[in-house]
Structures are given as C-alpha cells and as structure tokens.
>>> print(open('work_4.txt').read())   # compact mmCIF, C-alpha atoms
# COMPACT_ATOMS: atom_id res chain seq x y z
CA GLN D 1 0.00 0.00 0.00
CA LEU D 2 2.91 2.35 0.71
CA GLN D 3 6.06 2.60 -1.36
CA ALA D 4 8.87 4.68 0.10
CA SER D 5 11.75 5.94 -1.99
CA GLY D 6 14.37 8.66 -2.22
CA GLY D 7 16.89 7.53 0.35
CA GLY D 8 20.60 7.49 -0.26
CA LEU D 9 23.88 9.11 0.70
CA VAL D 10 23.87 12.85 1.27
CA GLN D 11 26.45 15.23 2.67
CA ALA D 12 25.71 17.15 5.82
CA GLY D 13 24.20 20.48 4.89
CA GLY D 14 22.81 19.18 1.60
CA SER D 15 19.25 18.19 0.83
CA LEU D 16 17.24 15.09 0.08
CA ARG D 17 13.58 14.40 -0.57
CA LEU D 18 11.84 11.22 0.45
CA SER D 19 8.63 10.10 -1.22
CA CYS D 20 5.90 7.77 -0.03
CA ALA D 21 3.43 6.78 -2.70
CA THR D 22 0.09 5.21 -1.77
CA SER D 23 -1.59 2.61 -3.91
CA ALA D 24 -5.00 3.91 -2.85
CA ASN D 25 -6.42 7.39 -3.13
CA ILE D 26 -4.72 9.49 -0.47
CA PHE D 27 -8.16 10.79 0.50
CA HIS D 28 -8.75 7.50 2.31
CA PHE D 29 -5.94 8.19 4.73
CA GLY D 30 -6.10 10.40 7.78
CA LYS D 31 -2.83 11.11 9.52
CA MET D 32 0.31 10.20 7.60
CA GLY D 33 3.87 10.48 8.73
CA TRP D 34 7.54 9.67 8.59
CA PHE D 35 9.39 7.73 11.25
CA ARG D 36 13.02 6.71 11.49
CA GLN D 37 15.07 4.04 13.16
CA ALA D 38 18.82 4.15 13.63
CA PRO D 39 20.75 0.95 14.47
CA GLY D 40 20.17 -0.05 18.08
CA ASN D 41 17.47 2.56 18.55
CA GLN D 42 13.70 2.46 18.63
CA ARG D 43 11.58 3.79 15.80
CA ASP D 44 10.76 7.44 16.43
CA VAL D 45 8.42 9.89 14.79
CA VAL D 46 9.99 12.51 12.55
CA ALA D 47 6.99 14.36 11.18
CA THR D 48 3.26 13.88 10.68
CA ILE D 49 0.62 15.52 8.54
CA SER D 50 -3.12 15.26 8.97
CA SER D 51 -5.72 15.25 6.22
CA ASP D 52 -6.41 18.93 6.92
CA GLY D 53 -2.73 19.75 6.43
CA THR D 54 -1.79 20.16 10.07
CA THR D 55 1.85 19.24 10.58
CA ASN D 56 3.94 18.26 13.57
CA TYR D 57 7.67 17.74 13.83
CA ALA D 58 10.15 16.22 16.20
CA ASP D 59 12.16 18.95 17.89
CA SER D 60 15.35 17.58 16.34
CA VAL D 61 14.16 18.26 12.79
CA LYS D 62 12.09 21.42 13.19
CA ASP D 63 13.07 24.17 10.77
CA ARG D 64 15.08 21.68 8.69
CA PHE D 65 12.58 19.08 7.47
CA THR D 66 9.21 19.67 5.81
CA ILE D 67 6.43 17.15 5.38
CA SER D 68 3.80 17.62 2.69
CA ARG D 69 1.14 15.62 0.92
CA ASP D 70 0.25 15.83 -2.75
CA LYS D 71 -3.34 14.76 -3.36
CA ALA D 72 -2.93 14.65 -7.13
CA LYS D 73 0.01 12.25 -6.88
CA ASN D 74 -1.19 10.30 -3.83
CA THR D 75 2.20 10.91 -2.30
CA VAL D 76 3.62 12.19 0.96
CA TYR D 77 7.02 13.85 0.91
CA LEU D 78 9.71 14.59 3.45
CA GLN D 79 12.01 17.37 2.34
CA MET D 80 15.23 17.12 4.31
CA ASN D 81 17.31 20.29 4.30
CA SER D 82 20.59 20.69 6.13
CA PRO D 83 20.68 17.07 7.26
CA LYS D 84 23.12 16.11 9.98
CA PRO D 85 25.01 12.83 10.53
CA GLU D 86 22.64 12.08 13.42
CA ASP D 87 19.78 12.00 10.92
CA THR D 88 21.23 8.79 9.51
CA ALA D 89 18.58 6.08 9.79
CA VAL D 90 16.10 3.96 7.93
CA TYR D 91 13.08 6.13 7.26
CA TYR D 92 9.59 4.64 7.19
CA CYS D 93 6.32 6.17 6.11
CA LYS D 94 3.10 5.39 7.91
CA ALA D 95 -0.51 5.99 7.00
CA THR D 96 -3.74 5.38 8.85
CA LEU D 97 -7.04 4.71 7.13
CA ARG D 98 -9.81 7.10 8.07
CA HIS D 99 -12.70 4.65 8.24
CA ASN D 100 -11.16 1.98 10.47
CA SER D 101 -7.82 3.37 11.71
CA TYR D 102 -5.91 0.48 10.12
CA THR D 103 -2.25 1.42 9.85
CA TYR D 104 0.08 0.74 6.96
CA TRP D 105 3.87 0.99 6.95
CA GLY D 106 6.14 1.47 3.98
CA GLN D 107 9.17 -0.75 3.52
CA GLY D 108 11.75 1.78 4.69
CA THR D 109 14.42 3.71 2.85
CA LEU D 110 17.94 4.22 4.15
CA VAL D 111 19.31 7.72 4.54
CA THR D 112 23.01 8.12 5.28
CA VAL D 113 24.36 11.57 6.07
CA SER D 114 28.11 11.96 5.78
CA SER D 115 30.03 14.61 7.70
>>> encode(input="work_4.txt", output="structure tokens")
Amino acid sequence: QLQASGGGLVQAGGSLRLSCATSANIFHFGKMGWFRQAPGNQRDVVATISSDGTTNYADSVKDRFTISRDKAKNTVYLQMNSPKPEDTAVYYCKATLRHNSYTYWGQGTLVTVSS
C-alpha cells in the first residue's frame, strides 16, 4: 500500500527528498507520517501531517525538514534540508485509514548523512 523511496547518501548540509506513494487514493488516509530508526534505537516519529494539512515535527528536525502531501500524486514527501550525521537512519512512512484506523507501513528507505 505504501512505497517509500528517495533515500541514499547525502552530505551534511545538503538536501534530500523522500517520497511515499500510496496505492490507494490518499483521501482514504487520515494522519500520515515519517518515522526513522537508527541501528540499536527504537523507531521514532519525525513528522506527521493530517488530512487537513496540520503538521507536527520532532524537535530535532524542526526548521530543517518539511512534510507535505500531494493529493494529485497520492504521495507524501519529506524534504530534508541541512541534514546532519545524526539524521542517519532507515526512514519509514506510515498511514492510517480514516474509516477503520488500520495502519500501513512502507518498507523503509535508508538515509546516510556523511560529515
């Protein structure tokens, strides 16, 4: 249901955009978000966006990352500006269906930030 892409190697201070495409019409999803998991760590929320466009960010990425959703392309994006080595992790997208709150996870995409 969710296909994440866009990960790779990026230098600190550069930029990278992650994409999460849904196989269903994005209208069917309520809150969507990006999470990340570094080796040995738990999976933590990075950013979320509700169907009305309300966004929330982890303090560590505020003012650097931007989450958005494109209804025409059924895709959620995470624009990563000025990434830091500590942003290195596998990034996962998550989406929750409106009508029954069932949650889907994407397969994860690895982001490596070099110093």
>>> atom_distance(input="work_4.txt", atom1="atom CA of D:Glu86", atom2="atom CA of D:Ala4")
20.5 Å
>>> residues_near_point(input="work_4.txt", point="(23.8, 14.5, 5.0)", cutoff="10 Å", atoms="all atoms listed in the file", output="list in words")
Gly8, Leu9, Val10, Gln11, Ala12, Gly13, Gly14, Ser15, Leu16, Met80, Asn81, Ser82, Pro83, Lys84, Pro85, Glu86, Asp87, Thr88, Val111, Thr112, Val113, Ser114 and Ser115 of chain D
>>> closest_residue(input="work_4.txt", among="D:Arg98, D:Tyr92, D:Arg69, D:Tyr104", to="D:Ile49", atoms="only C-alpha atoms")
D:Arg69
>>> closest_residue(input="work_4.txt", among="D:Arg36, D:Lys94, D:Lys31, D:His99", to="D:Ser50", atoms="all atoms listed in the file")
D:Lys31
>>> closest_residue(input="work_4.txt", among="D:Ala58, D:Met32, D:Leu2, D:Val76", to="D:Leu18", atoms="only C-alpha atoms")
D:Val76
>>> closest_residue(input="work_4.txt", among="D:Tyr57, D:Asp52, D:Gly6, D:Asp44", to="D:Gly30", atoms="all atoms listed in the file")
D:Asp52
>>> closest_residue(input="work_4.txt", among="D:Arg17, D:His28, D:Lys62, D:Arg43", to="D:Asn74", atoms="all atoms listed in the file")
D:His28
>>> closest_residue(input="work_4.txt", among="D:Leu110, D:Phe27, D:Trp105, D:Ala21", to="D:Val90", atoms="only C-alpha atoms")
D:Leu110
>>> residues_around(input="work_4.txt", residues="D:Ser68", least_positions_apart="4", cutoff="10 Å", atoms="only C-alpha atoms", output="PyMOL selection string")
chain D and resi 19+32-33+47-50+53-55+75-79
